[in-house]
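Engineer: Have a look at the structure that comes next, please.
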Amino acid sequence: MAESQTLGSRIRRLRREAGLSQMDLAGDNLSPSYISLLEAGKRTPSPEVLEQIAARLGCAPEQLLELLAPERHDTLQTDLRYAEISLRNGDPKTALDTYTAVRDKAAAAGQDGIRLSAEYGVAQALEHGGRLEEAADRYQALLDHAGYGQSLIPRLAVAVALCRCYRETGDLAHAIDLANATLEEARALRLTPTVLGVELLATLVGLYCERGDLHRAAALARTAIEEAEGIDDRKALGAAYWNAGVVAHRGGASADALLLLERALAIYSEGDDARALSRLRNAYASVLMQSESGDIAEAKSQLVRSAETLADHGSTVDMAYCETALARACLLESDPRQAEQHARRALELLGSGHRLETARTLLVLAGAQLQLGDDAAAEAGCERAALLLEASEADRQAASAWNDLGELLERSGRTERAVWAFRQSLRCLGQRSSLLPAAGGQAAAGSAAGRARAAGPADRGR
C-alpha cells in the first residue's frame with residue numbers, strides 16, 4: 001500500500017473513532033471534499049494542514065507527520081502536487097509561482113518529465129488567472145512535446161486547453177481548425193474513444209455553437225454523447241450532455257436543453273470538481289431564465305450558489321460569466337440599477353482579452369442603460385458588441401446585436417441609422433440583395449464585413 005494511502009487510512013480511522021464526519025474534520029478552512037480526497041490518498045497535505053487535522057482528531061501531530069515524511073524524498077513531485085492543490089482551490093498566483101519554481105529546478109537538474117509537467121501547470125495557472133494570450137503561447141509550445149497514449153503531456157488535453165483560450169479571445173476560426181485537426185490525427189491513429197477525446201468533441205460542439213453553425217454542432221453533440229456512453233465514463237457523459245444542452249438552447253429547444261443540463265448537473269454533483277459544477281450551474285441558470293417557465297427566482301438561486309463557490313475556486317472569467325448572468329436576471333426582474341452593477345463588475349473581471357463574453361456583457365449593460373433612459377450609452381454599447389462579435393466570426397450573435405441596435409435607433413426616431421443597423425444584421429446572416437448590383441465593383445475589393453466597417457464611421461457622422 002502506498003504511503004499516502006496509509007496516511008489517508010489512519011486519518012479515516014481516527015476520524016471515525018472520534019465520531020466526526022468529514023465536514024466536522026474539515027472545519028472552516030478546509031472542505032469536506034478535500035478530506036475525502038485526503039482519506040482516499042489522492043491529496044498530499046502540508047505539515048501545517050496535518051497539524052490542524054491532528055488537533056481536531058485529538059491526536060499528537062507526530063502520529064500523522066511521521067507518515068508524511070517518507071513522501072518528502074522527491075521535493076519536486078511534492079511541490080507539483082501543492083501547485084495542483086493551489087490551482088484547484090482558486091489560487092492561480094501561488095500555483096504559478098510554485099509551478100515556475102519547479103520548472104526551473106527541474107530544467108537545471110535535467111528532469112525533463114517534471115519540467116514538462118510544470119510547464120503545463122504554468123499554462124493552466126496563466127489561463128486560470130485570465131492571462132489568456134500568455135497561456136495560449138505556453139500551450140502552443142507544449143503541443144510540440146505532447147503525444148497520445150501514455151504521454152506525460154496528453155496532446156488532446158493541451159488541444160482542449162488551447163481551444164478554450166482561442167475561444168475566449170474570440171479567435172473561433174483558429175480554435176475550430178485546431179480541434180478538427182487534432183480529432184483527425186486521433187482518428188488516423190485509430191485511437192479508441194477516450195475521456196479526453198469526448199472532451200475535445202464537446203469543445204468543438206461549443207465552438208460551432210458560438211459561430212452559429214447549429215446544425216453541425218447538434219450532429220457533433222449526438223456523436224459526443226454516443227462516444228461517452230460507449231466508454232462508460234460519467235465525467236465524459238456529463239460534458240457531452242452539457243454542450244448538447246447549450247446547442248439545444250441556441251436552437252430554441254429550451255425544454256430539451258433543460259433536460260440535458262439537468263442530467264449533466266446530476267453527474268457533476270457526484271464528483272469533486274466544484275469549479276466545473278459552478279460553471280454548469282451558470283449555464284443551467286441562463287437557460288432556465290429564458291425558458292417558457294421563466295423561473296427567475298430559481299435561476300438567481302443557482303447563480304448565487306455558483307458565485308459563492310467561484311469566489312474560492314473559480315477564475316476571473318468564471319466569475320465574470322456568473323456576474324453577467326446575474327445582470328441578465330436583474331434585467332428580467334426590471335431592476336436595471338442592480339443589472340448595471342453586475343454587468344460593470346463582469347467587464348472589470350474580463351479585462352481586455354475576452355471578446356465574446358465582453359460583447360455579451362455589453363449587450364446586457366446596454367439593456368440596463370436603455371431601461372435607465374441612457375439611450376446614447378446603450379447605442380454605443382450595442383455597436384461595440386456587434387463589432388466584437390463580428391471580429392470573432394460569431395455572425396449569428398453579431399446579427400442579433402445589430403438588430404438590437406436597429407430597434408433602439410428606431411425607437412429614438414433615428415430612422416436612417418436604424419435601417420443601416422438592420423442591414424448590418426442581415427449582412428451577418430448572409431443576406432444579399434439580388435436586385436441591386438454591388439456599387440463600383442466593390443465586391444471584388446474585399447469582404448462585405450470589411451466594407452461595412454470601413455463605411456460605418458462615415459455613415460454614422462462620427
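Going through the C-alpha cells in order, the chains are called A, B, and so on, while each chain numbers its residues from 1 and the ligands are numbered from 1 in the order shown.
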With only C-alpha atoms as the counted atoms, please give the residues lying no more than 10 Å from Gly251 (chain A), apart from itself and same-chain residues fewer than 5 positions off, as a PyMOL selection string.
Structural biologist: chain A and resi 209+212+214-215+218+245-246+257
Engineer: I need the chosen residues saved as a JSON list (two decimals), in the first residue's frame, with N, CA, C and O atoms.
Structural biologist:
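This is the output file part.json:
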[["chain", "number", "residue", "atom", "x", "y", "z"],
["A", 209, "CYS", "N", -21.22, 26.12, -32.00],
["A", 209, "CYS", "CA", -22.40, 26.79, -31.46],
["A", 209, "CYS", "C", -22.15, 28.29, -31.38],
["A", 209, "CYS", "O", -23.01, 29.10, -31.75],
["A", 212, "GLY", "N", -22.39, 29.90, -34.66],
["A", 212, "GLY", "CA", -23.73, 29.91, -35.24],
["A", 212, "GLY", "C", -24.02, 28.74, -36.15],
["A", 212, "GLY", "O", -25.08, 28.68, -36.77],
["A", 214, "LEU", "N", -25.30, 25.74, -35.97],
["A", 214, "LEU", "CA", -26.03, 24.88, -35.04],
["A", 214, "LEU", "C", -26.27, 23.49, -35.60],
["A", 214, "LEU", "O", -26.33, 22.52, -34.83],
["A", 215, "HIS", "N", -26.41, 23.36, -36.91],
["A", 215, "HIS", "CA", -26.62, 22.03, -37.49],
["A", 215, "HIS", "C", -25.41, 21.13, -37.23],
["A", 215, "HIS", "O", -25.55, 20.00, -36.77],
["A", 218, "ALA", "N", -25.08, 20.35, -33.47],
["A", 218, "ALA", "CA", -26.03, 19.33, -32.99],
["A", 218, "ALA", "C", -25.58, 17.93, -33.39],
["A", 218, "ALA", "O", -25.69, 16.98, -32.60],
["A", 245, "GLY", "N", -26.86, 20.43, -24.32],
["A", 245, "GLY", "CA", -27.87, 21.32, -23.78],
["A", 245, "GLY", "C", -27.73, 22.74, -24.28],
["A", 245, "GLY", "O", -28.73, 23.41, -24.59],
["A", 246, "VAL", "N", -26.50, 23.22, -24.37],
["A", 246, "VAL", "CA", -26.26, 24.58, -24.87],
["A", 246, "VAL", "C", -26.71, 24.69, -26.33],
["A", 246, "VAL", "O", -27.34, 25.68, -26.72],
["A", 257, "ALA", "N", -33.11, 21.46, -23.70],
["A", 257, "ALA", "CA", -31.87, 21.98, -23.13],
["A", 257, "ALA", "C", -31.86, 21.78, -21.62],
["A", 257, "ALA", "O", -30.85, 21.35, -21.04]]
Engineer: Residues within 8 Å of Ala366 (chain A), please, as a PyMOL selection string. Count only C-alpha atoms; anything in the same chain fewer than 6 positions from it doesn't count.
Structural biologist: chain A and resi 377-379+381-382
Engineer: Could you write those residues out with all heavy atoms, as an mmCIF file, in the first residue's frame?
Structural biologist:
data_model
loop_
_atom_site.group_PDB
_atom_site.id
_atom_site.type_symbol
_atom_site.label_atom_id
_atom_site.label_comp_id
_atom_site.auth_asym_id
_atom_site.auth_seq_id
_atom_site.Cartn_x
_atom_site.Cartn_y
_atom_site.Cartn_z
ATOM 1 N N ALA A 377 -25.638 55.810 -24.466
ATOM 2 C CA ALA A 377 -24.701 54.799 -23.961
ATOM 3 C C ALA A 377 -25.117 53.411 -24.426
ATOM 4 O O ALA A 377 -24.270 52.582 -24.780
ATOM 5 C CB ALA A 377 -24.644 54.853 -22.433
ATOM 6 N N ALA A 378 -26.436 53.139 -24.443
ATOM 7 C CA ALA A 378 -26.929 51.836 -24.882
ATOM 8 C C ALA A 378 -26.596 51.610 -26.360
ATOM 9 O O ALA A 378 -26.172 50.520 -26.752
ATOM 10 C CB ALA A 378 -28.438 51.736 -24.656
ATOM 11 N N GLU A 379 -26.754 52.644 -27.170
ATOM 12 C CA GLU A 379 -26.441 52.538 -28.601
ATOM 13 C C GLU A 379 -24.963 52.239 -28.809
ATOM 14 O O GLU A 379 -24.588 51.349 -29.591
ATOM 15 C CB GLU A 379 -26.808 53.839 -29.316
ATOM 16 C CG GLU A 379 -26.438 53.830 -30.786
ATOM 17 C CD GLU A 379 -26.640 55.193 -31.440
ATOM 18 O OE1 GLU A 379 -27.419 56.009 -30.911
ATOM 19 O OE2 GLU A 379 -25.996 55.422 -32.486
ATOM 20 N N GLY A 381 -22.896 50.857 -26.742
ATOM 21 C CA GLY A 381 -22.595 49.513 -26.254
ATOM 22 C C GLY A 381 -23.009 48.443 -27.240
ATOM 23 O O GLY A 381 -22.275 47.481 -27.488
ATOM 24 N N CYS A 382 -24.214 48.595 -27.833
ATOM 25 C CA CYS A 382 -24.686 47.621 -28.834
ATOM 26 C C CYS A 382 -23.759 47.571 -30.035
ATOM 27 O O CYS A 382 -23.420 46.490 -30.538
ATOM 28 C CB CYS A 382 -26.097 47.990 -29.290
ATOM 29 S SG CYS A 382 -27.413 47.500 -28.162
#
Engineer: Considering only C-alpha atoms, give me a table of residues in region 285-318 of chain A that are at most 12 Å from region 112-129 of chain A, with the closest atom pair and distance in Å for each, as CSV.
Structural biologist:
residue,atom,partner,partner_atom,distance
A:Leu310,CA,A:His128,CA,11.7
A:His313,CA,A:His128,CA,9.8
A:Gly314,CA,A:His128,CA,7.7
A:Ser315,CA,A:His128,CA,5.0
A:Thr316,CA,A:Gly129,CA,6.4
A:Val317,CA,A:His128,CA,8.0
A:Asp318,CA,A:His128,CA,9.0
Engineer: A:Leu387, A:Ala398, A:Leu14, A:Leu408: which is nearest Gln369 (chain A), counting only C-alpha atoms?
Structural biologist: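 Closest residue, counting only C-alpha atoms: A:Leu408.
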Engineer: Considering only C-alpha atoms, return as a list in words whatever protein or nucleic-acid residues lie within 9 Å of Arg344 (chain A), sequence-local ones (same chain, fewer than 2 positions apart) excluded.
Structural biologist: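 Near Arg344 (chain A), the qualifying residues are Glu323, Thr324, Ala339, Glu340, Gln341, His342, Ala346, Leu347, Glu348, Leu349, Thr361, Leu362 and Leu365 of chain A.
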Engineer: Neighbouring residues of Asn403 (chain A) were defined as those with any atom within 8 Å, considering only C-alpha atoms; residues of the same chain fewer than 3 positions away were excluded. Please report them as number ranges by chain.
Structural biologist: A: 399-400, 406-407, 421-422, 425
Engineer: Those residues with N, CA and C atoms, as a short mmCIF file (atom, residue, chain, number, x, y, z; two decimals), in the first residue's frame please?
Structural biologist:
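Final output, out31.cif:
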data_model
loop_
_atom_site.label_atom_id
_atom_site.label_comp_id
_atom_site.auth_asym_id
_atom_site.auth_seq_id
_atom_site.Cartn_x
_atom_site.Cartn_y
_atom_site.Cartn_z
N ALA A 399 -25.43 39.39 -35.63
CA ALA A 399 -26.68 39.80 -36.26
C ALA A 399 -27.71 40.22 -35.22
N SER A 400 -27.77 39.46 -34.13
CA SER A 400 -28.71 39.80 -33.06
C SER A 400 -28.35 41.15 -32.44
N GLY A 406 -30.59 48.37 -34.11
CA GLY A 406 -31.58 48.94 -35.02
C GLY A 406 -32.89 49.27 -34.32
N GLU A 407 -33.35 48.36 -33.45
CA GLU A 407 -34.59 48.62 -32.73
C GLU A 407 -34.44 49.81 -31.79
N ALA A 421 -28.39 49.82 -39.40
CA ALA A 421 -28.10 48.75 -38.43
C ALA A 421 -28.81 47.46 -38.82
N PHE A 422 -30.07 47.57 -39.28
CA PHE A 422 -30.79 46.36 -39.69
C PHE A 422 -30.10 45.70 -40.90
N SER A 425 -27.32 43.64 -39.72
CA SER A 425 -27.82 42.38 -39.17
C SER A 425 -28.06 41.37 -40.28
#
Engineer: Do a neighbour search on Val247 (chain A) at 10 Å with only C-alpha atoms, toss out local chain neighbours closer than 3 positions, and write the hits as a ChimeraX atom specification.
Structural biologist: /A:205-206,208-210,212-219,221,241-244,250-254,256-257
Engineer: What would the file look like if the residues just selected were written as a PDB file, in the first residue's frame with C-alpha atoms?
Structural biologist:
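Generated output (result26.pdb):
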ATOM      1  CA  VAL A 205     -19.572  21.473 -30.239  1.00  0.00           C
ATOM      2  CA  GLY A 206     -19.327  24.665 -28.200  1.00  0.00           C
ATOM      3  CA  TYR A 208     -19.564  25.621 -33.668  1.00  0.00           C
ATOM      4  CA  CYS A 209     -22.401  26.786 -31.459  1.00  0.00           C
ATOM      5  CA  GLU A 210     -20.633  30.114 -30.813  1.00  0.00           C
ATOM      6  CA  GLY A 212     -23.728  29.906 -35.237  1.00  0.00           C
ATOM      7  CA  ASP A 213     -23.318  26.592 -37.072  1.00  0.00           C
ATOM      8  CA  LEU A 214     -26.031  24.885 -35.044  1.00  0.00           C
ATOM      9  CA  HIS A 215     -26.620  22.028 -37.493  1.00  0.00           C
ATOM     10  CA  ARG A 216     -23.014  20.873 -37.286  1.00  0.00           C
ATOM     11  CA  ALA A 217     -22.929  21.492 -33.533  1.00  0.00           C
ATOM     12  CA  ALA A 218     -26.030  19.333 -32.988  1.00  0.00           C
ATOM     13  CA  ALA A 219     -24.611  16.473 -35.073  1.00  0.00           C
ATOM     14  CA  ALA A 221     -23.229  16.727 -29.830  1.00  0.00           C
ATOM     15  CA  TYR A 241     -24.807  16.463 -22.031  1.00  0.00           C
ATOM     16  CA  TRP A 242     -23.649  19.943 -21.025  1.00  0.00           C
ATOM     17  CA  ASN A 243     -22.693  21.036 -24.534  1.00  0.00           C
ATOM     18  CA  ALA A 244     -25.665  19.297 -26.120  1.00  0.00           C
ATOM     19  CA  ARG A 250     -29.383  28.085 -29.005  1.00  0.00           C
ATOM     20  CA  GLY A 251     -31.660  26.206 -31.389  1.00  0.00           C
ATOM     21  CA  GLY A 252     -34.761  27.303 -29.453  1.00  0.00           C
ATOM     22  CA  ALA A 253     -35.485  23.961 -27.749  1.00  0.00           C
ATOM     23  CA  SER A 254     -35.325  25.181 -24.159  1.00  0.00           C
ATOM     24  CA  ASP A 256     -34.750  19.760 -24.243  1.00  0.00           C
ATOM     25  CA  ALA A 257     -31.871  21.977 -23.132  1.00  0.00           C
TER      26      ALA A 257
END
Engineer: Please provide as a ChimeraX atom specification all residues within 9 Å of Ile53 (chain A), with the sequence filter that same-chain residues fewer than 4 positions apart are discarded (counting only C-alpha atoms).
Structural biologist: /A:11,25-26,48-49,57-59,61,64
Engineer: Based on the selection just made, write all heavy atoms of those residues as a short mmCIF file (atom, residue, chain, number, x, y, z; two decimals), in the first residue's frame.
Structural biologist:
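After the write, result-v7.cif holds the following:
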data_model
loop_
_atom_site.label_atom_id
_atom_site.label_comp_id
_atom_site.auth_asym_id
_atom_site.auth_seq_id
_atom_site.Cartn_x
_atom_site.Cartn_y
_atom_site.Cartn_z
N ILE A 11 -6.04 8.62 9.01
CA ILE A 11 -6.92 9.77 9.25
C ILE A 11 -8.37 9.31 9.31
O ILE A 11 -9.14 9.72 10.20
CB ILE A 11 -6.72 10.84 8.16
CG1 ILE A 11 -5.35 11.50 8.32
CG2 ILE A 11 -7.83 11.89 8.24
CD1 ILE A 11 -5.01 12.47 7.20
N LEU A 25 -14.40 17.35 10.44
CA LEU A 25 -12.94 17.37 10.37
C LEU A 25 -12.44 18.50 9.49
O LEU A 25 -11.38 19.07 9.74
CB LEU A 25 -12.43 16.02 9.84
CG LEU A 25 -10.91 15.82 9.84
CD1 LEU A 25 -10.34 16.02 11.25
CD2 LEU A 25 -10.57 14.43 9.34
N ALA A 26 -13.20 18.84 8.46
CA ALA A 26 -12.78 19.92 7.55
C ALA A 26 -12.74 21.27 8.27
O ALA A 26 -11.86 22.09 8.02
CB ALA A 26 -13.73 19.99 6.35
N GLU A 48 1.42 21.80 7.94
CA GLU A 48 0.53 22.72 8.66
C GLU A 48 -0.90 22.20 8.68
O GLU A 48 -1.59 22.25 9.71
CB GLU A 48 0.57 24.11 8.02
CG GLU A 48 1.90 24.84 8.14
CD GLU A 48 2.98 24.29 7.21
OE1 GLU A 48 2.61 23.59 6.22
OE2 GLU A 48 4.16 24.54 7.47
N VAL A 49 -1.35 21.68 7.51
CA VAL A 49 -2.72 21.14 7.43
C VAL A 49 -2.84 19.91 8.32
O VAL A 49 -3.84 19.74 9.04
CB VAL A 49 -3.08 20.79 5.97
CG1 VAL A 49 -4.35 19.95 5.92
CG2 VAL A 49 -3.26 22.06 5.16
N LEU A 57 -8.61 15.84 15.59
CA LEU A 57 -8.74 14.42 15.89
C LEU A 57 -8.35 14.10 17.34
O LEU A 57 -8.61 13.00 17.82
CB LEU A 57 -7.85 13.60 14.94
CG LEU A 57 -8.29 13.57 13.47
CD1 LEU A 57 -7.21 12.88 12.63
CD2 LEU A 57 -9.62 12.85 13.31
N GLY A 58 -7.68 15.06 17.98
CA GLY A 58 -7.26 14.85 19.36
C GLY A 58 -6.07 13.92 19.48
O GLY A 58 -5.92 13.21 20.48
N CYS A 59 -5.22 13.90 18.44
CA CYS A 59 -4.03 13.05 18.50
C CYS A 59 -2.78 13.93 18.39
O CYS A 59 -2.86 15.12 18.04
CB CYS A 59 -4.04 12.02 17.38
SG CYS A 59 -3.82 12.70 15.72
N PRO A 61 0.40 15.50 16.69
CA PRO A 61 0.73 15.74 15.29
C PRO A 61 1.72 14.73 14.73
O PRO A 61 1.66 14.39 13.55
CB PRO A 61 1.32 17.15 15.30
CG PRO A 61 0.72 17.80 16.51
CD PRO A 61 0.59 16.69 17.52
N LEU A 64 0.66 11.74 12.59
CA LEU A 64 0.37 11.94 11.18
C LEU A 64 1.60 12.38 10.41
O LEU A 64 1.84 11.94 9.28
CB LEU A 64 -0.76 12.96 11.01
CG LEU A 64 -2.08 12.64 11.70
CD1 LEU A 64 -3.09 13.74 11.46
CD2 LEU A 64 -2.63 11.30 11.24
#
Engineer: Which parts of region 82-178 of chain A does DSSP call helix (DSSP H, G or I) when run on the backbone here, written out as a VMD selection string?
Structural biologist: chain A and resid 82 to 88 92 to 109 112 to 128 132 to 143 155 to 168 172 to 178
Engineer: Find the residue from A:Ala173, A:Glu168, A:Leu156, A:Leu370 that sits nearest to Arg187 (chain A); use only C-alpha atoms when measuring.
Structural biologist: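 So, comparing all the options, the nearest one is A:Leu156.
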Engineer: Mind pulling up the distance from CA of Leu162 (chain A) to CA of Thr203 (chain A)?
Structural biologist: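 For CA of Thr203 (chain A) relative to CA of Leu162 (chain A), the distance reads 10.6 Å.
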Engineer: Mind giving me the straight-line distance from CA of Ile296 (chain A) to CA of Arg164 (chain A) in Å, one decimal?
Structural biologist: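 Going from CA of Ile296 (chain A) over to CA of Arg164 (chain A) covers 29.0 Å.
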Engineer: Quick one, how far is CA of Ser21 (chain A) from CA of Gly8 (chain A)?
Structural biologist: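 Computed distance, CA of Ser21 (chain A) to CA of Gly8 (chain A), equals 14.6 Å.
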